[in-house]
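Enquirer: PDB, C-alpha atoms, saved as data05.pdb, coming up:
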```
MODEL        1
ATOM      1  CA  MET A   1     183.265  18.881 227.814
ATOM      2  CA  ALA A   2     182.607  22.635 227.706
ATOM      3  CA  SER A   3     179.664  24.189 229.515
ATOM      4  CA  ALA A   4     176.674  24.960 227.314
ATOM      5  CA  LEU A   5     176.753  28.508 228.695
ATOM      6  CA  SER A   6     180.385  29.069 227.680
ATOM      7  CA  ALA A   7     179.433  30.066 224.114
ATOM      8  CA  PRO A   8     180.526  33.631 223.185
ATOM      9  CA  HIS A   9     176.974  34.927 222.656
ATOM     10  CA  PHE A  10     176.188  34.275 226.328
ATOM     11  CA  HIS A  11     178.998  36.572 227.521
ATOM     12  CA  ASN A  12     179.840  39.077 224.794
ATOM     13  CA  GLU A  13     177.325  41.709 223.684
ATOM     14  CA  ALA A  14     178.682  42.007 220.127
ATOM     15  CA  ALA A  15     178.536  38.219 219.717
ATOM     16  CA  ALA A  16     175.005  38.210 221.159
ATOM     17  CA  PHE A  17     173.825  40.730 218.553
ATOM     18  CA  GLU A  18     175.450  38.732 215.747
ATOM     19  CA  TYR A  19     173.817  35.543 217.036
ATOM     20  CA  VAL A  20     170.310  37.070 217.192
ATOM     21  CA  GLU A  21     170.679  38.927 213.877
ATOM     22  CA  ALA A  22     171.645  35.689 212.098
ATOM     23  CA  ARG A  23     168.395  34.084 213.261
ATOM     24  CA  VAL A  24     165.983  37.002 213.006
ATOM     25  CA  TRP A  25     167.465  38.324 209.747
ATOM     26  CA  PRO A  26     168.734  35.214 207.889
ATOM     27  CA  ASN A  27     168.744  37.169 204.613
ATOM     28  CA  GLY A  28     170.240  40.369 206.005
ATOM     29  CA  PRO A  29     168.900  43.349 208.010
ATOM     30  CA  THR A  30     165.275  44.366 207.548
ATOM     31  CA  CYS A  31     164.063  47.787 208.630
ATOM     32  CA  PRO A  32     161.261  47.412 211.216
ATOM     33  CA  HIS A  33     159.979  50.885 210.336
ATOM     34  CA  CYS A  34     159.380  50.585 206.590
ATOM     35  CA  GLY A  35     160.196  46.935 205.872
ATOM     36  CA  GLY A  36     163.028  47.901 203.545
ATOM     37  CA  VAL A  37     165.957  45.551 202.921
ATOM     38  CA  GLU A  38     168.055  47.759 200.645
ATOM     39  CA  ARG A  39     170.194  50.800 201.431
ATOM     40  CA  ILE A  40     170.771  49.700 205.018
ATOM     41  CA  SER A  41     174.121  50.375 206.673
ATOM     42  CA  LYS A  42     175.564  49.491 210.028
ATOM     43  CA  MET A  43     176.459  52.577 212.030
ATOM     44  CA  GLN A  44     180.083  52.943 213.087
ATOM     45  CA  GLY A  45     181.849  55.010 215.699
ATOM     46  CA  LYS A  46     182.898  54.653 219.327
ATOM     47  CA  SER A  47     179.774  56.364 220.659
ATOM     48  CA  THR A  48     177.360  54.306 218.514
ATOM     49  CA  ARG A  49     175.358  51.798 220.513
ATOM     50  CA  GLN A  50     175.766  48.107 219.828
ATOM     51  CA  GLY A  51     174.032  46.673 216.767
ATOM     52  CA  LEU A  52     172.715  49.994 215.403
ATOM     53  CA  TYR A  53     171.715  50.187 211.735
ATOM     54  CA  LYS A  54     170.267  52.992 209.639
ATOM     55  CA  CYS A  55     167.772  52.590 206.841
ATOM     56  CA  TYR A  56     168.385  55.163 204.095
ATOM     57  CA  GLN A  57     164.946  54.539 202.620
ATOM     58  CA  CYS A  58     163.042  55.910 205.617
ATOM     59  CA  ARG A  59     166.159  57.438 207.240
ATOM     60  CA  LYS A  60     165.457  55.883 210.637
ATOM     61  CA  PRO A  61     167.855  53.983 212.913
ATOM     62  CA  PHE A  62     167.066  50.563 214.336
ATOM     63  CA  THR A  63     168.529  47.467 215.971
ATOM     64  CA  VAL A  64     167.473  43.822 215.941
ATOM     65  CA  ARG A  65     165.778  44.450 219.307
ATOM     66  CA  MET A  66     163.035  46.585 217.750
ATOM     67  CA  GLY A  67     159.688  44.851 217.303
ATOM     68  CA  THR A  68     160.750  41.936 219.507
ATOM     69  CA  ILE A  69     160.435  40.956 223.165
ATOM     70  CA  PHE A  70     163.772  42.746 223.721
ATOM     71  CA  GLU A  71     162.487  46.182 222.695
ATOM     72  CA  ALA A  72     162.888  48.992 225.271
ATOM     73  CA  SER A  73     164.699  46.652 227.665
ATOM     74  CA  HIS A  74     167.836  47.875 229.439
ATOM     75  CA  VAL A  75     168.985  44.306 230.089
ATOM     76  CA  PRO A  76     172.017  43.394 227.927
ATOM     77  CA  LEU A  77     171.186  41.064 225.066
ATOM     78  CA  HIS A  78     173.623  38.357 226.212
ATOM     79  CA  ILE A  79     171.798  38.225 229.567
ATOM     80  CA  TRP A  80     168.516  37.798 227.683
ATOM     81  CA  LEU A  81     170.037  34.853 225.799
ATOM     82  CA  GLN A  82     171.140  33.246 229.064
ATOM     83  CA  ALA A  83     167.614  33.606 230.459
ATOM     84  CA  MET A  84     166.085  32.118 227.313
ATOM     85  CA  TYR A  85     168.446  29.147 227.400
ATOM     86  CA  LEU A  86     167.714  28.479 231.073
ATOM     87  CA  ILE A  87     163.929  28.663 230.636
ATOM     88  CA  ALA A  88     163.918  26.653 227.403
ATOM     89  CA  GLY A  89     166.135  23.969 228.926
ATOM     90  CA  SER A  90     164.418  23.564 232.305
ATOM     91  CA  LYS A  91     161.864  20.777 231.919
ATOM     92  CA  LYS A  92     159.693  21.969 234.796
ATOM     93  CA  GLY A  93     160.537  25.664 234.533
ATOM     94  CA  ILE A  94     162.793  28.001 236.484
ATOM     95  CA  SER A  95     161.465  30.528 238.976
ATOM     96  CA  SER A  96     161.912  34.289 238.735
ATOM     97  CA  ASN A  97     163.746  34.147 242.062
ATOM     98  CA  GLN A  98     166.247  31.683 240.601
ATOM     99  CA  LEU A  99     166.715  33.830 237.476
ATOM    100  CA  HIS A 100     167.180  36.893 239.686
ATOM    101  CA  ARG A 101     169.960  35.168 241.652
ATOM    102  CA  THR A 102     171.609  33.498 238.656
ATOM    103  CA  LEU A 103     171.593  36.433 236.226
ATOM    104  CA  GLY A 104     172.218  39.231 238.706
ATOM    105  CA  VAL A 105     169.104  41.230 237.774
ATOM    106  CA  THR A 106     166.384  42.452 240.120
ATOM    107  CA  LEU A 107     163.481  40.159 240.973
ATOM    108  CA  LYS A 108     161.049  42.467 239.177
ATOM    109  CA  THR A 109     163.229  42.403 236.051
ATOM    110  CA  ALA A 110     163.559  38.613 236.183
ATOM    111  CA  TRP A 111     159.775  38.252 236.514
ATOM    112  CA  PHE A 112     159.154  40.556 233.554
ATOM    113  CA  MET A 113     161.828  38.854 231.427
ATOM    114  CA  SER A 114     160.331  35.434 232.072
ATOM    115  CA  HIS A 115     156.872  36.631 231.013
ATOM    116  CA  ARG A 116     158.262  38.152 227.826
ATOM    117  CA  ILE A 117     160.025  34.872 227.054
ATOM    118  CA  ARG A 118     156.795  32.935 227.661
ATOM    119  CA  GLU A 119     155.075  35.322 225.238
ATOM    120  CA  ALA A 120     157.678  34.354 222.613
ATOM    121  CA  MET A 121     156.810  30.709 223.284
ATOM    122  CA  ARG A 122     153.195  31.279 222.251
ATOM    123  CA  SER A 123     153.192  29.767 218.782
ATOM    124  CA  GLY A 124     149.667  30.543 217.594
ATOM    125  CA  GLU A 125     150.012  27.425 215.436
ATOM    126  CA  LEU A 126     147.049  26.866 213.141
ATOM    127  CA  ASP A 127     147.957  23.544 211.506
ATOM    128  CA  PRO A 128     145.494  20.891 212.745
ATOM    129  CA  MET A 129     146.761  18.066 214.926
ATOM    130  CA  ASN A 130     146.571  14.664 213.259
ATOM    131  CA  GLY A 131     147.015  10.994 214.072
ATOM    132  CA  VAL A 132     145.918  10.029 217.582
ATOM    133  CA  VAL A 133     145.038  13.062 219.703
ATOM    134  CA  GLU A 134     144.356  12.686 223.410
ATOM    135  CA  VAL A 135     142.072  15.266 225.031
ATOM    136  CA  ASP A 136     141.644  15.877 228.746
ATOM    137  CA  GLU A 137     141.055  18.644 231.264
ATOM    138  CA  THR A 138     142.709  19.343 234.587
ATOM    139  CA  TYR A 139     142.350  21.743 237.503
ATOM    140  CA  LEU A 140     144.886  23.964 239.192
ATOM    141  CA  GLY A 141     144.992  26.291 242.201
ATOM    142  CA  ARG A 142     141.955  28.464 242.738
ATOM    143  CA  LYS A 143     140.307  31.478 241.149
ATOM    144  CA  ALA A 144     140.670  34.774 242.973
ATOM    145  CA  GLY A 145     137.563  35.845 244.867
ATOM    146  CA  VAL A 146     135.777  32.531 244.442
ATOM    147  CA  PRO A 147     134.914  30.868 247.761
ATOM    148  CA  THR A 148     136.088  27.312 248.282
ATOM    149  CA  PRO A 149     133.099  24.953 248.406
ATOM    150  CA  ARG A 150     132.940  21.784 250.445
ATOM    151  CA  GLY A 151     133.111  19.761 247.252
ATOM    152  CA  GLY A 152     133.538  20.225 243.525
ATOM    153  CA  VAL A 153     136.050  22.140 241.422
ATOM    154  CA  GLY A 154     134.135  25.339 240.665
ATOM    155  CA  HIS A 155     136.712  27.422 242.527
ATOM    156  CA  LYS A 156     139.703  26.036 240.591
ATOM    157  CA  MET A 157     141.326  27.242 237.363
ATOM    158  CA  LYS A 158     140.555  24.914 234.466
ATOM    159  CA  VAL A 159     142.873  23.822 231.677
ATOM    160  CA  LEU A 160     142.093  21.841 228.521
ATOM    161  CA  SER A 161     145.002  20.115 226.784
ATOM    162  CA  LEU A 162     145.244  18.350 223.451
ATOM    163  CA  VAL A 163     148.310  16.134 223.013
ATOM    164  CA  GLN A 164     149.195  14.413 219.760
ATOM    165  CA  ARG A 165     150.915  11.078 220.276
ATOM    166  CA  GLY A 166     154.455  11.435 219.029
ATOM    167  CA  GLY A 167     153.838  15.161 218.498
ATOM    168  CA  GLY A 168     153.114  18.390 220.290
ATOM    169  CA  ALA A 169     150.716  19.769 222.864
ATOM    170  CA  ARG A 170     148.226  22.641 222.850
ATOM    171  CA  SER A 171     146.613  23.912 226.023
ATOM    172  CA  VAL A 172     144.034  26.601 226.723
ATOM    173  CA  VAL A 173     142.452  28.101 229.814
ATOM    174  CA  ILE A 174     138.706  27.489 229.908
ATOM    175  CA  ASP A 175     136.033  28.994 232.159
ATOM    176  CA  ARG A 176     133.885  25.880 232.477
ATOM    177  CA  THR A 177     134.284  22.188 231.728
ATOM    178  CA  SER A 178     131.245  22.145 229.477
ATOM    179  CA  ALA A 179     130.660  20.800 225.982
ATOM    180  CA  SER A 180     130.018  24.333 224.702
ATOM    181  CA  GLU A 181     133.583  25.319 225.656
ATOM    182  CA  ILE A 182     135.539  22.117 225.093
ATOM    183  CA  ILE A 183     134.172  20.717 221.819
ATOM    184  CA  PRO A 184     134.766  23.908 219.737
ATOM    185  CA  VAL A 185     138.408  23.946 220.901
ATOM    186  CA  VAL A 186     138.828  20.346 219.772
ATOM    187  CA  GLN A 187     137.143  21.042 216.427
ATOM    188  CA  ALA A 188     139.358  24.097 215.801
ATOM    189  CA  ASN A 189     142.649  22.324 216.551
ATOM    190  CA  VAL A 190     142.248  18.721 215.396
ATOM    191  CA  ALA A 191     142.105  17.423 211.820
ATOM    192  CA  ARG A 192     139.031  15.465 210.744
ATOM    193  CA  GLU A 193     141.272  12.491 209.905
ATOM    194  CA  ALA A 194     142.438  12.259 213.528
ATOM    195  CA  HIS A 195     141.339   9.700 216.092
ATOM    196  CA  ILE A 196     140.247  11.297 219.389
ATOM    197  CA  MET A 197     140.923   9.538 222.686
ATOM    198  CA  THR A 198     139.448  10.697 225.991
ATOM    199  CA  ASP A 199     138.266   9.444 229.348
ATOM    200  CA  GLU A 200     134.606   8.598 230.060
ATOM    201  CA  HIS A 201     133.547  12.147 231.016
ATOM    202  CA  ALA A 202     129.992  12.726 229.749
ATOM    203  CA  ILE A 203     131.166  15.774 227.762
ATOM    204  CA  TYR A 204     133.151  13.452 225.496
ATOM    205  CA  ARG A 205     131.121  10.268 225.800
ATOM    206  CA  ASN A 206     127.851  11.929 224.776
ATOM    207  CA  SER A 207     129.298  14.274 222.158
ATOM    208  CA  VAL A 208     127.843  13.731 218.699
ATOM    209  CA  ALA A 209     130.508  16.005 217.205
ATOM    210  CA  LEU A 210     133.372  13.784 218.362
ATOM    211  CA  LYS A 211     131.671  10.786 216.745
ATOM    212  CA  THR A 212     130.811  12.459 213.426
ATOM    213  CA  ASP A 213     133.499  15.118 212.876
ATOM    214  CA  PHE A 214     136.539  12.879 213.281
ATOM    215  CA  ALA A 215     137.796   9.526 212.043
ATOM    216  CA  GLY A 216     137.084   7.975 215.399
ATOM    217  CA  HIS A 217     136.511   8.549 219.102
ATOM    218  CA  SER A 218     137.506   6.045 221.778
ATOM    219  CA  TYR A 219     137.496   6.387 225.536
ATOM    220  CA  VAL A 220     138.588   4.547 228.647
ATOM    221  CA  ARG A 221     136.469   4.252 231.798
ATOM    222  CA  HIS A 222     138.654   5.274 234.691
ATOM    223  CA  GLN A 223     135.810   4.884 237.173
ATOM    224  CA  PHE A 224     135.886   1.129 236.551
ATOM    225  CA  GLY A 225     139.671   0.888 236.838
ATOM    226  CA  GLU A 226     140.082   0.835 233.062
ATOM    227  CA  TYR A 227     143.206   2.715 231.956
ATOM    228  CA  VAL A 228     144.575   0.971 228.849
ATOM    229  CA  VAL A 229     142.544  -1.047 226.344
ATOM    230  CA  GLY A 230     144.821  -1.974 223.481
ATOM    231  CA  THR A 231     145.929   1.374 222.062
ATOM    232  CA  VAL A 232     143.119   3.286 223.751
ATOM    233  CA  HIS A 233     144.319   5.364 226.716
ATOM    234  CA  THR A 234     144.920   8.926 227.896
ATOM    235  CA  ASN A 235     148.311   8.248 229.463
ATOM    236  CA  THR A 236     150.106  10.660 227.118
ATOM    237  CA  VAL A 237     148.071  13.719 228.058
ATOM    238  CA  GLU A 238     148.155  12.685 231.723
ATOM    239  CA  GLY A 239     151.953  12.459 231.466
ATOM    240  CA  TYR A 240     151.937  16.016 230.125
ATOM    241  CA  PHE A 241     149.789  17.112 233.069
ATOM    242  CA  SER A 242     152.211  15.490 235.516
ATOM    243  CA  ILE A 243     155.097  17.606 234.170
ATOM    244  CA  PHE A 244     152.932  20.727 234.103
ATOM    245  CA  LYS A 245     151.723  20.310 237.685
ATOM    246  CA  ARG A 246     155.161  19.452 239.038
ATOM    247  CA  GLY A 247     156.390  22.698 237.531
ATOM    248  CA  MET A 248     153.469  24.825 238.659
ATOM    249  CA  ARG A 249     153.390  23.447 242.214
ATOM    250  CA  GLY A 250     157.059  22.700 242.796
ATOM    251  CA  VAL A 251     158.791  25.527 240.910
ATOM    252  CA  TYR A 252     156.318  28.368 240.429
ATOM    253  CA  GLN A 253     154.132  27.394 243.418
ATOM    254  CA  TRP A 254     151.406  29.929 242.613
ATOM    255  CA  CYS A 255     149.959  31.536 239.485
ATOM    256  CA  ALA A 256     147.224  34.124 238.968
ATOM    257  CA  GLU A 257     144.596  33.129 236.421
ATOM    258  CA  LYS A 258     145.442  36.140 234.232
ATOM    259  CA  HIS A 259     148.971  34.730 233.717
ATOM    260  CA  LEU A 260     148.082  31.055 233.324
ATOM    261  CA  HIS A 261     147.902  31.157 229.505
ATOM    262  CA  ARG A 262     151.578  32.153 229.351
ATOM    263  CA  TYR A 263     152.668  29.358 231.671
ATOM    264  CA  LEU A 264     150.724  26.935 229.479
ATOM    265  CA  ALA A 265     152.555  28.315 226.431
ATOM    266  CA  GLU A 266     155.853  27.614 228.205
ATOM    267  CA  PHE A 267     155.035  23.980 228.976
ATOM    268  CA  ASP A 268     153.471  23.442 225.529
ATOM    269  CA  PHE A 269     156.603  24.830 223.869
ATOM    270  CA  ARG A 270     159.018  22.613 225.759
ATOM    271  CA  TYR A 271     156.822  19.530 225.269
ATOM    272  CA  SER A 272     156.420  20.189 221.539
ATOM    273  CA  ASN A 273     160.192  20.680 221.179
ATOM    274  CA  ARG A 274     161.375  17.886 223.453
ATOM    275  CA  THR A 275     164.387  15.604 223.148
ATOM    276  CA  ALA A 276     162.213  12.675 222.000
ATOM    277  CA  LEU A 277     161.385  14.713 218.897
ATOM    278  CA  GLY A 278     165.073  15.353 218.170
ATOM    279  CA  CYS A 279     165.316  18.784 219.787
ATOM    280  CA  ASN A 280     168.073  19.403 222.336
ATOM    281  CA  ASP A 281     168.426  22.420 224.635
ATOM    282  CA  ALA A 282     170.401  24.484 222.088
ATOM    283  CA  ASP A 283     167.884  23.715 219.314
ATOM    284  CA  ARG A 284     165.018  24.625 221.641
ATOM    285  CA  ALA A 285     166.618  27.976 222.482
ATOM    286  CA  ASP A 286     167.108  28.679 218.771
ATOM    287  CA  ARG A 287     163.465  27.843 218.030
ATOM    288  CA  LEU A 288     162.460  30.159 220.839
ATOM    289  CA  LEU A 289     164.367  32.982 219.119
ATOM    290  CA  SER A 290     162.215  32.488 216.028
ATOM    291  CA  GLY A 291     159.184  33.555 218.082
ATOM    292  CA  ILE A 292     160.485  36.852 219.456
ATOM    293  CA  VAL A 293     159.375  39.062 216.550
ATOM    294  CA  GLY A 294     156.048  40.856 216.920
ATOM    295  CA  LYS A 295     155.670  39.713 220.528
ATOM    296  CA  ARG A 296     156.616  42.879 222.388
ATOM    297  CA  LEU A 297     155.044  42.839 225.853
ATOM    298  CA  THR A 298     154.969  45.931 228.070
ATOM    299  CA  TYR A 299     154.925  45.723 231.863
ATOM    300  CA  GLN A 300     151.387  47.133 231.929
ATOM    301  CA  GLN A 301     150.228  44.482 229.445
ATOM    302  CA  SER A 302     151.868  41.692 231.427
ATOM    303  CA  CYS A 303     150.032  42.795 234.573
ATOM    304  CA  ALA A 304     146.683  43.265 232.844
ATOM    305  CA  ARG A 305     144.039  40.585 232.650
ATOM    306  CA  VAL A 306     143.847  38.981 229.202
TER     307      VAL A 306
ENDMDL
END
```
In structure tokens, what does this structure look like?
Expert:
Amino acid sequence: MASALSAPHFHNEAAAFEYVEARVWPNGPTCPHCGGVERISKMQGKSTRQGLYKCYQCRKPFTVRMGTIFEASHVPLHIWLQAMYLIAGSKKGISSNQLHRTLGVTLKTAWFMSHRIREAMRSGELDPMNGVVEVDETYLGRKAGVPTPRGGVGHKMKVLSLVQRGGGARSVVIDRTSASEIIPVVQANVAREAHIMTDEHAIYRNSVALKTDFAGHSYVRHQFGEYVVGTVHTNTVEGYFSIFKRGMRGVYQWCAEKHLHRYLAEFDFRYSNRTALGCNDADRADRLLSGIVGKRLTYQQSCARV
């Protein structure tokens, strides 16, 4: 059985460009400058850089890298594809240090590449989640500059996740675990025909919106040792949290709050395109390529607070 990384596009730059072009431009080259699809020719010549085209409508050159996460990067495209495959196929993530050692790039480059790839994983999906949707919040690490109290979770970063049974996951960073922050997120992402399942937290238990805006709302009372009552449970979203926390604590170990939304996008992407839904590592890497357009991220942007 051949290695998954033995494919030509992981080792040959010309094959890498052909591979990306076939997925970004399924109907042929499109000029990123003017949007034209006609009168486009591939540039020839020994001194011409790989994958260069010229649009004779606006008379500007371009490659498939332009307007994507690859733009202005000096890293060869086949190395980018290796990094994308490794990140997409690692259930709990892969550290920048590991990418740096495996790919032969600097640590700073590996860190920046991984953040660009996470940006491509941000789907921005607007279709509402349906069926049974489990909702829960969790806490991670600590916020910078916030003193650690003797009790409570005010100093920790807070994450709200919505997981559709048999479907995908959507997670957001929230400032406070309050009804004013959590309920609007649920309303914006879940269809009215869906059945919401939560724990007994007062935010959910006392919410009129969860009772009236959706087909149903059920909850389990963990404080009384109640975890599964028929089909009512939050085990699915808690299973998602277990993968997320194993990755964040065991692989990444530490994350600044300003970057947390991208790490959530990474874990959401892999969960929503998992093997149980018929998506293998190669399929997942291909789906990741479909998100590279319009997601250019500069180093200054990646370091800035969102």
Enquirer: To one decimal place in Å, what is the distance between CA of Arg262 (chain A) and CA of Tyr139 (chain A)?
Expert: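 Computing the Euclidean distance for CA of Arg262 (chain A) and CA of Tyr139 (chain A) yields 16.1 Å.
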Enquirer: Please measure the separation of CA of Ser123 (chain A) and CA of Ser272 (chain A), giving the value in Å to one decimal.
Expert: 10.5 Å
Enquirer: Env of Thr68 (chain A): 9 Å cut, atoms = all atoms listed in the file, seq-sep filter 4 positions within chain, self excluded. Answer as a list in words.
Expert: Val64, Ala120, Gly291, Ile292, Val293, Gly294, Lys295, Arg296 and Leu297 of chain A
Enquirer: Given only C-alpha atoms as the basis, pick out the residue of A:Gly152, A:Gln253, A:Asp136, A:Tyr56 nearest to Glu200 (chain A).
Expert: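 Smallest distance to Glu200 (chain A) is found for A:Asp136.
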Enquirer: I'd like the residues picked by the PyMOL selection byres ((chain A and resi 72-81) around 7) written out as a list in words, using the chain letters and numbers from the file.
Expert: His9, Phe10, His11, Asn12, Glu13, Ala16, Phe70, Glu71, Gln82, Ala83, Met84, Tyr85 and Leu103 of chain A
Enquirer: Evaluate the PyMOL selection byres ((chain A and resi 188) around 12) against this structure - the residues, as a count of residues only, please.
Expert: 20
Enquirer: Expand the PyMOL selection byres ((chain A and resi 91) around 12) into the individual residues it matches in the shown file, reporting them as number ranges by chain.
Expert: A: 85-90, 92-94, 240, 242-248, 251, 266-275, 280-281, 284
Enquirer: For CA of Ser47 (chain A) and CA of Phe112 (chain A), quote the distance in Å rounded to one decimal.
Expert: 29.0 Å
Enquirer: Quick one: residues within 8 Å of Leu264 (chain A), only C-alpha atoms counted, chain neighbours fewer than 4 positions away excluded, as a list of chain:residue names?
Expert: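 Neighbouring residues, sequence-local ones excluded: A:Ser171, A:Val172, A:Leu260, A:Asp268.
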Enquirer: Grab all the atoms of region 244-251 of chain A that the file lists, wrap them in a box along x, y and z, add 5 Å per side, and give me centre plus edge lengths in Å (one decimal) as AutoDock Vina command-line options.
Expert:
```
--center_x 155.3 --center_y 22.5 --center_z 238.4 --size_x 17.1 --size_y 16.1 --size_z 18.7
```
Enquirer: Could you check which of A:Ile117, A:Ala7, A:Val220, A:Cys31 is closest to Tyr19 (chain A), using only C-alpha atoms?
Expert: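 For Tyr19 (chain A), the nearest of the given residues is A:Ala7.
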Enquirer: What's the 8 Å shell around Gln164 (chain A), counting all atoms listed in the file, without same-chain residues fewer than 5 positions away, as JSON, numbers by chain?
Expert: {"A": [129, 130, 131, 132, 133, 134, 169]}
Enquirer: Tell me which of A:Leu5, A:Ala276, A:Cys55, A:Met66 sits closest to Glu21 (chain A), counting only C-alpha atoms.
Expert: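 Nearest to Glu21 (chain A): A:Met66.
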Enquirer: Taking into account all atoms listed in the file, which residue in the set A:Thr138, A:Thr109, A:Thr30, A:Asn235 is nearest to Gly67 (chain A)?
Expert: A:Thr30
Enquirer: List the neighbours of Gln57 (chain A) out to 10 Å using only C-alpha atoms; skip same-chain residues closer than 2 positions along the sequence, and give me the result as a CSV table (one decimal) with C-alpha atoms, keeping the file's coordinate frame.
Expert:
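out-v8.csv was written with the following content:
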```
chain,number,residue,atom,x,y,z
A,31,CYS,CA,164.1,47.8,208.6
A,33,HIS,CA,160.0,50.9,210.3
A,34,CYS,CA,159.4,50.6,206.6
A,35,GLY,CA,160.2,46.9,205.9
A,36,GLY,CA,163.0,47.9,203.5
A,37,VAL,CA,166.0,45.6,202.9
A,38,GLU,CA,168.1,47.8,200.6
A,39,ARG,CA,170.2,50.8,201.4
A,40,ILE,CA,170.8,49.7,205.0
A,54,LYS,CA,170.3,53.0,209.6
A,55,CYS,CA,167.8,52.6,206.8
A,59,ARG,CA,166.2,57.4,207.2
A,60,LYS,CA,165.5,55.9,210.6
```
Enquirer: Given the choices A:Glu226, A:Cys255, A:Ala179, A:Ala215, which gets closest to Ala202 (chain A) if the distance is worked out from only C-alpha atoms?
Expert: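 Among the listed residues, the smallest separation from Ala202 (chain A) belongs to A:Ala179.
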Enquirer: Excluding Thr177 (chain A) and its own-chain neighbours fewer than 3 positions away, which residues fall within 9 Å of it when counting all atoms listed in the file? Please give them as number ranges by chain.
Expert: A: 137, 158-160, 174, 180-182, 203
Enquirer: Rebuild N, CA, C and O atoms on region 100-112 of chain A, as a compact mmCIF listing (two decimals), in the frame of the given file?
Expert:
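So the final result, stored in rebuild39.txt, reads:
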```txt
# COMPACT_ATOMS: atom_id res chain seq x y z
N HIS A 100 166.67 35.69 239.02
CA HIS A 100 167.18 36.89 239.69
C HIS A 100 168.54 36.63 240.32
O HIS A 100 169.49 37.41 240.18
N ARG A 101 168.70 35.49 241.00
CA ARG A 101 169.96 35.17 241.65
C ARG A 101 171.03 34.76 240.64
O ARG A 101 172.21 35.11 240.78
N THR A 102 170.64 34.02 239.62
CA THR A 102 171.61 33.50 238.66
C THR A 102 172.12 34.58 237.72
O THR A 102 173.32 34.63 237.41
N LEU A 103 171.23 35.44 237.24
CA LEU A 103 171.59 36.43 236.23
C LEU A 103 172.04 37.76 236.81
O LEU A 103 172.57 38.61 236.09
N GLY A 104 171.79 37.97 238.10
CA GLY A 104 172.22 39.23 238.71
C GLY A 104 171.34 40.41 238.36
O GLY A 104 171.80 41.55 238.36
N VAL A 105 170.07 40.15 238.04
CA VAL A 105 169.10 41.23 237.77
C VAL A 105 168.14 41.29 238.95
O VAL A 105 168.10 40.40 239.79
N THR A 106 167.34 42.35 239.03
CA THR A 106 166.38 42.45 240.12
C THR A 106 165.28 41.41 239.94
O THR A 106 165.04 40.91 238.84
N LEU A 107 164.57 41.13 241.04
CA LEU A 107 163.48 40.16 240.97
C LEU A 107 162.39 40.64 240.02
O LEU A 107 161.83 39.85 239.25
N LYS A 108 162.08 41.93 240.06
CA LYS A 108 161.05 42.47 239.18
C LYS A 108 161.46 42.31 237.71
O LYS A 108 160.63 41.94 236.86
N THR A 109 162.73 42.56 237.42
CA THR A 109 163.23 42.40 236.05
C THR A 109 163.18 40.94 235.62
O THR A 109 162.77 40.63 234.49
N ALA A 110 163.58 40.05 236.51
CA ALA A 110 163.56 38.61 236.18
C ALA A 110 162.14 38.14 235.91
O ALA A 110 161.90 37.37 234.97
N TRP A 111 161.18 38.62 236.72
CA TRP A 111 159.78 38.25 236.51
C TRP A 111 159.28 38.74 235.16
O TRP A 111 158.62 38.00 234.40
N PHE A 112 159.60 39.99 234.82
CA PHE A 112 159.15 40.56 233.55
C PHE A 112 159.83 39.86 232.37
O PHE A 112 159.19 39.56 231.35
```
